[in-house]
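Visitor: Pasting a structure here, questions to come.
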Protein chains: 4
Amino acid sequence: VTARWAAAVLGAGGYIGQHFVRLLADHPWFDLTHLVGSERSGGRRLEDAWALPDPPPAGFGRRRLEPMSPARLRRAGVRLVFSALPGTAAGPVESACQRAGLAVFSNASAHRMEPSVPLLVPEVNADHLRLLSSRRHRGGPLVTNPNCTSTGLVLALKPLLPLVRPSAIHVATYQALSGAGLPGVASLAAVDNVIPFIAGEEEKVARESAWILGTRSGVTVRPATTPILAHCARVPVRDGHLEAVTVVARSRPTADEIGRAWTSFDPLAGLDLPSAPHPPLQLRTEPDRPQPVRDRWAGDRPRTRGMAVVVGRVRWTPPNLRFFVLSHNAVRGGAGGSVLNAELAAARGVLGEPER
Amino acid sequence: VTARWAAAVLGAGGYIGQHFVRLLADHPWFDLTHLVGSERSGGRRLEDAWALPDPPPAGFGRRRLEPMSPARLRRAGVRLVFSALPGTAAGPVESACQRAGLAVFSNASAHRMEPSVPLLVPEVNADHLRLLSSRRHRGGPLVTNPNCTSTGLVLALKPLLPLVRPSAIHVATYQALSGAGLPGVASLAAVDNVIPFIAGEEEKVARESAWILGTRSGVTVRPATTPILAHCARVPVRDGHLEAVTVVARSRPTADEIGRAWTSFDPLAGLDLPSAPHPPLQLRTEPDRPQPVRDRWAGDRPRTRGMAVVVGRVRWTPPNLRFFVLSHNAVRGGAGGSVLNAELAAARGVLGEPER
Amino acid sequence: VTARWAAAVLGAGGYIGQHFVRLLADHPWFDLTHLVGSERSGGRRLEDAWALPDPPPAGFGRRRLEPMSPARLRRAGVRLVFSALPGTAAGPVESACQRAGLAVFSNASAHRMEPSVPLLVPEVNADHLRLLSSRRHRGGPLVTNPNCTSTGLVLALKPLLPLVRPSAIHVATYQALSGAGLPGVASLAAVDNVIPFIAGEEEKVARESAWILGTRSGVTVRPATTPILAHCARVPVRDGHLEAVTVVARSRPTADEIGRAWTSFDPLAGLDLPSAPHPPLQLRTEPDRPQPVRDRWAGDRPRTRGMAVVVGRVRWTPPNLRFFVLSHNAVRGGAGGSVLNAELAAARGVLGEPER
Amino acid sequence: VTARWAAAVLGAGGYIGQHFVRLLADHPWFDLTHLVGSERSGGRRLEDAWALPDPPPAGFGRRRLEPMSPARLRRAGVRLVFSALPGTAAGPVESACQRAGLAVFSNASAHRMEPSVPLLVPEVNADHLRLLSSRRHRGGPLVTNPNCTSTGLVLALKPLLPLVRPSAIHVATYQALSGAGLPGVASLAAVDNVIPFIAGEEEKVARESAWILGTRSGVTVRPATTPILAHCARVPVRDGHLEAVTVVARSRPTADEIGRAWTSFDPLAGLDLPSAPHPPLQLRTEPDRPQPVRDRWAGDRPRTRGMAVVVGRVRWTPPNLRFFVLSHNAVRGGAGGSVLNAELAAARGVLGEPER
């Protein structure tokens, strides 16, 4: 018998929320028992909000989004919630869930980088889960994943850092429309256009990436100090954030060493987490990859579609290491990242004993 | 009476060629008397190849593209040719035109950076016209304009250089589909996608930009030595190259000084060249500009539509100066740049006396 | 000395409103003196709302949108207003303008097909201007133009009707995103998609087209009775409504007669209206035209860009005459159509004597 | 033990070919043992040509496309081939395969509507398989599927015909870019545009649809006589053909009867074919469906993704029944349709005994 915990999705009618539903509908560890709507979408059927390329999972399309009530979720046996709530609503609702004793795995930015809240990308900083033991928080644990742009970036950087010891990291992004959620960007602003601005994004990329790549001692994190300078722009692509990265290196490894650092990187190798791709990084050697339309669904098996990050176009002209990295913003950079966080937490005992 | 010289367009059926026709159809100094096709398009009517948003200029749509013959052009009184020929064909045809005594203004890369061939952006390095006096070339003068990505970049950088004295320049581009000419990129590679590769482009941006920003003494050019590191990518935009630029500065001017350097930059102010925008750089202060669809046609009057370059999203966090720059790749970065070069050459006497 | 009347644009910050500003900024008969915003956009600078491919006309970008006050417009000498107000707001505001004695030319649907309100496409039913003499209206005259889809359709149909005497007309539309105004369709609903629904549009196409093609006697209109059956869909195109039309014919003219009916159609030939294209219909014989990106700006001179309607792909397999027709929805089908209506009204004396 | 036949894909590097590989990689009845390239793509690795949103099936990406040799396929035990060859190459290669004793299931148009070649959509005209018994053909059987536009149309029409007894059928299509294969339409012709022409398509829709909806007696088919009049246009959508259909009806069923005719239609209900969706038609009642991006992957289970056809926006204003229908052009209208044909043939004994 497989361990199972009952779960709810908060903000299930949004773009990330729908990806949560898609990923949890047949999850081997979590039972998706409740779909909670944001205030805007409450009462609608899931299928009426549905915007993903595949139809809603069997049995979920007709379900109506229910109003938020942490107490009711708790009474119904829910043990963990996945939050895809919009920015302003997320903070208080997630705190209320914690107070009700629920474990919270959040894609929202409200609580990121709070002292007792791990900002987690399992392959990069699994040890940050220890922040939960600071127990400054009352009630259930809260674990966040970073903004969708940082996720791909830190995964590509992590195995490089000891090798190249960068003095600066320059990033320019080609971000997908779905990163803005629903309804998102107006079509007359998107079609045949690029918008060189995403509110708050460049700061998030710098701050959250440095945090995740930082070092933990006890229950405190010291952010990495290498400056990360980002240009963030929106392109007319539905899904998949592409990033042009230039790492200014202090060391001079060989090109082979760099390639091997990426392809041999698999820190979750022994853990059997259902949503962990192995390896998490795919290195493409064609001249014109990665591309959103061809690489955003990278993964090694059906459950990890869109969970692998693709690196390519590597040009090593010391001291500048240049490459492109692509990740599916709504999967690895959103709902999938959060589900993987919950799986790691479950494997580490954070969720307690399964009830079913 | 206005001075007039008869002109021909080579490769008039291509995307840049059509822009040449559009710009020259009612030009105050040049008479467009001949439309020469590439081998592929010869014999077709111009309107059958036409791909621009406005219809062909009155009287030109029905004209057929004629085969190439420098001697015939010369006999017909043509004094200058504008070359929009594809890469491989351009070299020998342009040389043949020179030998026939024609002045050549070329958008092709074949002869760029040859010792006696100015690689010209008039606001940036008008003095490079002097290379023509080396007279290593036989016959007519040949003047080239750089690749479409370098043009916007060097215009934005020129007024900055003395102010910030950069140690490195990082660029990531969001290049339009039309930069690949006709037929260009396949739609299944373009729609809902970004292609992080344009053959040879990153090298051209580095090399040609350094050349244009270099210093001339006599008839030799010493390229600028600041490294320019480019990531070049194609986005699903019809026209308009956007570039994310990070200048690593050695000096620390104020933000105001930087802004004024751009807005007061107008080195062609006194010259009355028909296609020179005044000022050539427009600085936008909105948070989300420049954008291809809103800024690619920037200019101060009908004839300079698409000739002005738009700078915006300036963030000055010393030592890193970050901004976006946008230019119309087929106008300022293509046909329009070449026409402006010819106007400067005419004003400097390079074309000799007008015949009409 | 040219006659001149002072004019205002209502809803100048919207998509159609911006086209009004563009067309009126240097109009030979009308002085654009006032830019009135909708409630939503009031107080903004025009350039901050600007969404058209060319920059705002010189001198207009910095102007702020002013609040609505018919009395103030009247006191300032305004004689006519062009209304690009959104559906719900248009009705009462336009009526208030009429009561203040202003002539109203409206792109809104609020008053279309009211007994004393001409629904006008000058080449098709100029005589409907006579409805103004019913003088059921108090104050200034009100003239409307039809929805953007009907305009192209009735222009293509008008010269055909006596020739083919249709028993039914089937239309399927490929409508541009800009038809939905600003902000309009969400990009995730638009990119890589078609939306087979536009609220109320199919009914409007049927009803308004029949009205315009109807016969007037005195001050009453009897709509045409041939059923017009429309499928309306939105495609990821910025501008230009394409329509696939099948006319089920009772008569059997030759293909030549059909072609000549279109190309010889020019009922405004003698009138010298500034915005009237001559001819209003362009017939393309290539196999793959008309196309939005190549034909939406059709016109015979700078002022009539986007005012001509393009017909092509004619297939005459009796009794079914099939063709495609394209018109610029925001120009001929929007602001330009309304300006042409005002020109016709001015030429017919509806505006009274010019004041300047 | 499940029956298994060895299979090859011809033209595996093309867009339809890749869908064949995707669908056959883990097919329960067919073993995909050989990937044959077209002349153009021979020798390449499959992954280098891959253009689908998901990565190549495990184990197939690195395989090289082999040259065509019917004899070698036969010696290797291949029993059936799926042909995605381009138009001109398909005819002789498919005939050679037949002569080698292979069963051929073809997406190409070369042999469609030949007397002994069923043009098959299993839910519509399964009985046309009988044409194989005419045995005018030598060697293996050849079964074709229609062009991608006809497939969705005939599926939507089949249950309607006895109910509405149409006198004419009007269709206007919104066809996806992938229908043109690789490399297909140029991006400058596609982005922000509609192309109202697809060579030969309108004739194919009329002719093939009438054939499939025709009646068979013995080994001859009498095509349906209701005229089908199509406008075919290409829109900037990657996958999914949308069609606007108007059926001019002679009978007057109720709207309920029409809806039930569609939703109860499932002629393959008892057959257990792996790729047959149940039901094959999905009726959407929302006002704005079907849409390519939301409905193209319709199906009732993983293997039938993209095999169901979606009908919606039904408007019944007698005598005109109007609706939209959507099908995935490369799945149901291409590779998937052909695989389903092979399954039906296998179930009917056409393939003989399985060898494995």
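For the structure tokens, the naming scheme is as follows: chains receive sequential letters (A, B, ...) according to their order of presentation, residues are indexed from 1 within each chain, and ligands are indexed from 1 in presentation order.
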Taking the backbone alone, and naming residues the way the document does, which bits of segment 10-171 of chain C are alpha helix (DSSP H) by DSSP, as a ChimeraX atom specification?
Guide: /C:15-24,46-49,70-75,87-99,122-125,148-157,161-164
Visitor: Include N, CA and C atoms and write out the residues we just selected as a compact mmCIF listing (two decimals), in the first residue's frame.
Guide:
```
# COMPACT_ATOMS: atom_id res chain seq x y z
N TYR C 15 -8.93 52.30 -29.37
CA TYR C 15 -8.27 51.93 -30.62
C TYR C 15 -8.85 52.70 -31.81
N ILE C 16 -10.18 52.73 -31.89
CA ILE C 16 -10.81 53.47 -32.99
C ILE C 16 -10.58 54.97 -32.77
N GLY C 17 -10.63 55.40 -31.52
CA GLY C 17 -10.39 56.81 -31.22
C GLY C 17 -9.02 57.26 -31.70
N GLN C 18 -8.04 56.43 -31.53
CA GLN C 18 -6.69 56.79 -31.99
C GLN C 18 -6.62 56.88 -33.51
N HIS C 19 -7.36 56.00 -34.16
CA HIS C 19 -7.41 56.11 -35.62
C HIS C 19 -8.09 57.42 -36.04
N PHE C 20 -9.13 57.81 -35.30
CA PHE C 20 -9.75 59.11 -35.58
C PHE C 20 -8.70 60.23 -35.47
N VAL C 21 -7.93 60.21 -34.39
CA VAL C 21 -6.92 61.26 -34.20
C VAL C 21 -5.92 61.25 -35.36
N ARG C 22 -5.47 60.05 -35.71
CA ARG C 22 -4.52 59.92 -36.81
C ARG C 22 -5.07 60.52 -38.10
N LEU C 23 -6.34 60.23 -38.38
CA LEU C 23 -6.92 60.66 -39.66
C LEU C 23 -7.30 62.13 -39.66
N LEU C 24 -7.60 62.67 -38.49
CA LEU C 24 -8.08 64.05 -38.42
C LEU C 24 -6.95 65.04 -38.14
N LEU C 46 -2.45 61.18 -24.40
CA LEU C 46 -2.76 60.34 -25.55
C LEU C 46 -1.64 59.34 -25.81
N GLU C 47 -0.39 59.77 -25.69
CA GLU C 47 0.72 58.87 -26.03
C GLU C 47 0.82 57.67 -25.09
N ASP C 48 0.28 57.81 -23.88
CA ASP C 48 0.35 56.69 -22.95
C ASP C 48 -0.63 55.58 -23.31
N ALA C 49 -1.68 55.96 -24.03
CA ALA C 49 -2.65 54.95 -24.46
C ALA C 49 -2.37 54.47 -25.88
N PRO C 70 -20.57 68.40 -23.53
CA PRO C 70 -21.08 68.90 -24.81
C PRO C 70 -21.16 70.42 -24.83
N ALA C 71 -21.55 71.00 -23.71
CA ALA C 71 -21.72 72.46 -23.69
C ALA C 71 -20.38 73.14 -23.91
N ARG C 72 -19.36 72.62 -23.26
CA ARG C 72 -18.05 73.23 -23.42
C ARG C 72 -17.54 73.09 -24.86
N LEU C 73 -17.76 71.93 -25.43
CA LEU C 73 -17.35 71.74 -26.83
C LEU C 73 -18.04 72.77 -27.72
N ARG C 74 -19.34 72.92 -27.46
CA ARG C 74 -20.12 73.84 -28.27
C ARG C 74 -19.60 75.26 -28.11
N ARG C 75 -19.36 75.66 -26.86
CA ARG C 75 -18.86 77.02 -26.60
C ARG C 75 -17.52 77.24 -27.28
N GLY C 87 -19.71 50.78 -26.24
CA GLY C 87 -21.14 50.53 -26.41
C GLY C 87 -22.06 51.17 -25.40
N THR C 88 -21.84 50.92 -24.15
CA THR C 88 -22.82 51.36 -23.16
C THR C 88 -22.78 52.87 -22.95
N ALA C 89 -21.60 53.45 -23.04
CA ALA C 89 -21.49 54.88 -22.77
C ALA C 89 -21.97 55.71 -23.95
N ALA C 90 -21.92 55.15 -25.15
CA ALA C 90 -22.12 55.96 -26.34
C ALA C 90 -23.51 56.59 -26.42
N GLY C 91 -24.54 55.80 -26.14
CA GLY C 91 -25.90 56.25 -26.37
C GLY C 91 -26.21 57.60 -25.74
N PRO C 92 -26.18 57.70 -24.43
CA PRO C 92 -26.55 58.97 -23.80
C PRO C 92 -25.59 60.12 -24.14
N VAL C 93 -24.32 59.84 -24.25
CA VAL C 93 -23.38 60.93 -24.55
C VAL C 93 -23.65 61.48 -25.95
N GLU C 94 -23.87 60.61 -26.89
CA GLU C 94 -24.13 61.08 -28.25
C GLU C 94 -25.43 61.88 -28.31
N SER C 95 -26.43 61.42 -27.58
CA SER C 95 -27.68 62.17 -27.56
C SER C 95 -27.47 63.55 -26.95
N ALA C 96 -26.66 63.60 -25.90
CA ALA C 96 -26.37 64.90 -25.27
C ALA C 96 -25.66 65.83 -26.24
N CYS C 97 -24.79 65.28 -27.03
CA CYS C 97 -24.10 66.11 -28.04
C CYS C 97 -25.10 66.65 -29.04
N GLN C 98 -26.00 65.78 -29.48
CA GLN C 98 -27.03 66.26 -30.42
C GLN C 98 -27.83 67.41 -29.82
N ARG C 99 -28.22 67.21 -28.57
CA ARG C 99 -29.03 68.26 -27.93
C ARG C 99 -28.27 69.57 -27.83
N PRO C 122 -20.90 55.55 -47.72
CA PRO C 122 -21.22 56.49 -48.79
C PRO C 122 -21.30 55.89 -50.18
N GLU C 123 -20.45 54.96 -50.52
CA GLU C 123 -20.52 54.38 -51.87
C GLU C 123 -21.76 53.51 -52.05
N VAL C 124 -22.36 53.09 -50.94
CA VAL C 124 -23.45 52.12 -51.03
C VAL C 124 -24.82 52.77 -50.91
N ASN C 125 -24.98 53.63 -49.91
CA ASN C 125 -26.32 54.17 -49.66
C ASN C 125 -26.27 55.64 -49.29
N CYS C 148 -17.73 46.80 -38.21
CA CYS C 148 -16.60 46.71 -39.13
C CYS C 148 -16.72 45.56 -40.13
N THR C 149 -17.46 44.54 -39.80
CA THR C 149 -17.59 43.40 -40.71
C THR C 149 -18.56 43.70 -41.84
N SER C 150 -19.63 44.42 -41.52
CA SER C 150 -20.62 44.73 -42.55
C SER C 150 -20.06 45.66 -43.61
N THR C 151 -19.17 46.56 -43.21
CA THR C 151 -18.70 47.58 -44.15
C THR C 151 -18.05 46.95 -45.38
N GLY C 152 -17.09 46.08 -45.17
CA GLY C 152 -16.44 45.43 -46.30
C GLY C 152 -17.43 44.60 -47.10
N LEU C 153 -18.31 43.94 -46.39
CA LEU C 153 -19.27 43.05 -47.07
C LEU C 153 -20.20 43.83 -48.00
N VAL C 154 -20.80 44.90 -47.49
CA VAL C 154 -21.77 45.61 -48.34
C VAL C 154 -21.08 46.30 -49.51
N LEU C 155 -19.84 46.73 -49.32
CA LEU C 155 -19.13 47.33 -50.45
C LEU C 155 -18.89 46.30 -51.54
N ALA C 156 -18.52 45.08 -51.14
CA ALA C 156 -18.30 44.04 -52.15
C ALA C 156 -19.61 43.61 -52.79
N LEU C 157 -20.69 43.62 -52.03
CA LEU C 157 -21.97 43.12 -52.55
C LEU C 157 -22.70 44.13 -53.42
N LEU C 161 -25.26 42.94 -56.69
CA LEU C 161 -26.66 42.57 -56.46
C LEU C 161 -27.50 42.60 -57.73
N PRO C 162 -27.47 43.68 -58.51
CA PRO C 162 -28.33 43.67 -59.69
C PRO C 162 -27.90 42.60 -60.70
N LEU C 163 -26.66 42.22 -60.61
CA LEU C 163 -26.10 41.28 -61.58
C LEU C 163 -26.45 39.84 -61.25
N VAL C 164 -26.37 39.50 -59.98
CA VAL C 164 -26.54 38.08 -59.61
C VAL C 164 -27.87 37.80 -58.91
```
Visitor: Could you list, as JSON, numbers by chain, every residue of chain B that has an atom within 6 Å of an atom of chain C, counting only C-alpha atoms?
Guide: {"B": [53, 54, 293, 294, 297]}
Visitor: I'd like the interatomic distance between atom CA of Leu132 of chain A and atom CA of Pro354 of chain A, to a tenth of an Å.
Guide: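 Separation of atom CA of Leu132 of chain A and atom CA of Pro354 of chain A: 19.2 Å.
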Visitor: With a distance cut-off of 7 Å and only C-alpha atoms, select the neighbouring residues of Ala84 of chain B, excluding the residue or stretch itself and same-chain residues fewer than 3 positions from it, and output the selection as an NGL selection string.
Guide: :B and (10-12 or 16-17 or 106-108)
Visitor: Would you work out the distance separating atom CA of Asp31 of chain D from atom CA of Pro302 of chain D, expressed in Å to one decimal?
Guide: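 The value is 18.5 Å.
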Visitor: Which residues in segment 29-144 of chain B does DSSP call strand (DSSP E)? List them as a list in words.
Guide: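 Here is the list: Phe30, Asp31, Leu32, Thr33, His34, Leu35, Val36, Leu80, Val81, Phe82, Ser83, Ala103, Val104, Phe105, Ser106, Leu142, Val143 and Thr144 of chain B.
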Visitor: Residues at most 9 Å from Ser41 of chain D, counting only C-alpha atoms, excluding those fewer than 2 positions away in the same chain, as an NGL selection string?
Guide: :D and (11-14 or 37-39 or 43-45 or 49 or 65)
Visitor: Using only C-alpha atoms, which residues sit within 8 Å of Trp5 of chain D once same-chain residues fewer than 5 positions away are excluded, as a ChimeraX atom specification?
Guide: /D:29-31,78-80,354-356
Visitor: List the spatial neighbours of Trp316 of chain D as a PyMOL selection string - criterion: any atom at most 10 Å away, only C-alpha atoms, same-chain residues fewer than 3 positions off excluded.
Guide: chain D and resi 246-247+249+252-255+258+313+319-323
Visitor: Pick out the residues sitting within 6 Å of Arg238 of chain C, and hand them over as a short mmCIF file (atom, residue, chain, number, x, y, z; two decimals) with all heavy atoms, in the first residue's frame; count only C-alpha atoms, and ignore anything fewer than 3 positions along from it in its own chain.
Guide:
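Saved to around02.cif:
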```
data_model
loop_
_atom_site.label_atom_id
_atom_site.label_comp_id
_atom_site.auth_asym_id
_atom_site.auth_seq_id
_atom_site.Cartn_x
_atom_site.Cartn_y
_atom_site.Cartn_z
N ALA C 176 -9.96 40.48 -37.06
CA ALA C 176 -8.73 40.86 -36.38
C ALA C 176 -8.99 41.16 -34.90
O ALA C 176 -10.09 41.51 -34.49
CB ALA C 176 -8.13 42.08 -37.05
N LEU C 177 -7.92 41.04 -34.13
CA LEU C 177 -7.99 41.28 -32.70
C LEU C 177 -8.40 42.72 -32.38
O LEU C 177 -9.10 42.97 -31.41
CB LEU C 177 -6.63 40.99 -32.07
CG LEU C 177 -6.15 39.55 -32.23
CD1 LEU C 177 -4.67 39.43 -31.89
CD2 LEU C 177 -6.98 38.60 -31.37
N SER C 178 -7.97 43.66 -33.19
CA SER C 178 -8.24 45.05 -32.87
C SER C 178 -9.72 45.37 -32.94
O SER C 178 -10.16 46.38 -32.40
CB SER C 178 -7.45 45.98 -33.79
OG SER C 178 -7.91 45.88 -35.11
#
```
Visitor: From the list B:Val219, B:Val36, B:Ala224, B:Val194, which residue is nearest Pro118 of chain B when using only C-alpha atoms?
Guide: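 Once distances to Pro118 of chain B are computed over only C-alpha atoms, the minimum belongs to B:Val219.
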Visitor: Nearest to Ile195 of chain B among B:Ala25, B:Ala210, B:Val235, B:Val248, with distances taken over only C-alpha atoms: which residue is it?
Guide: B:Val235
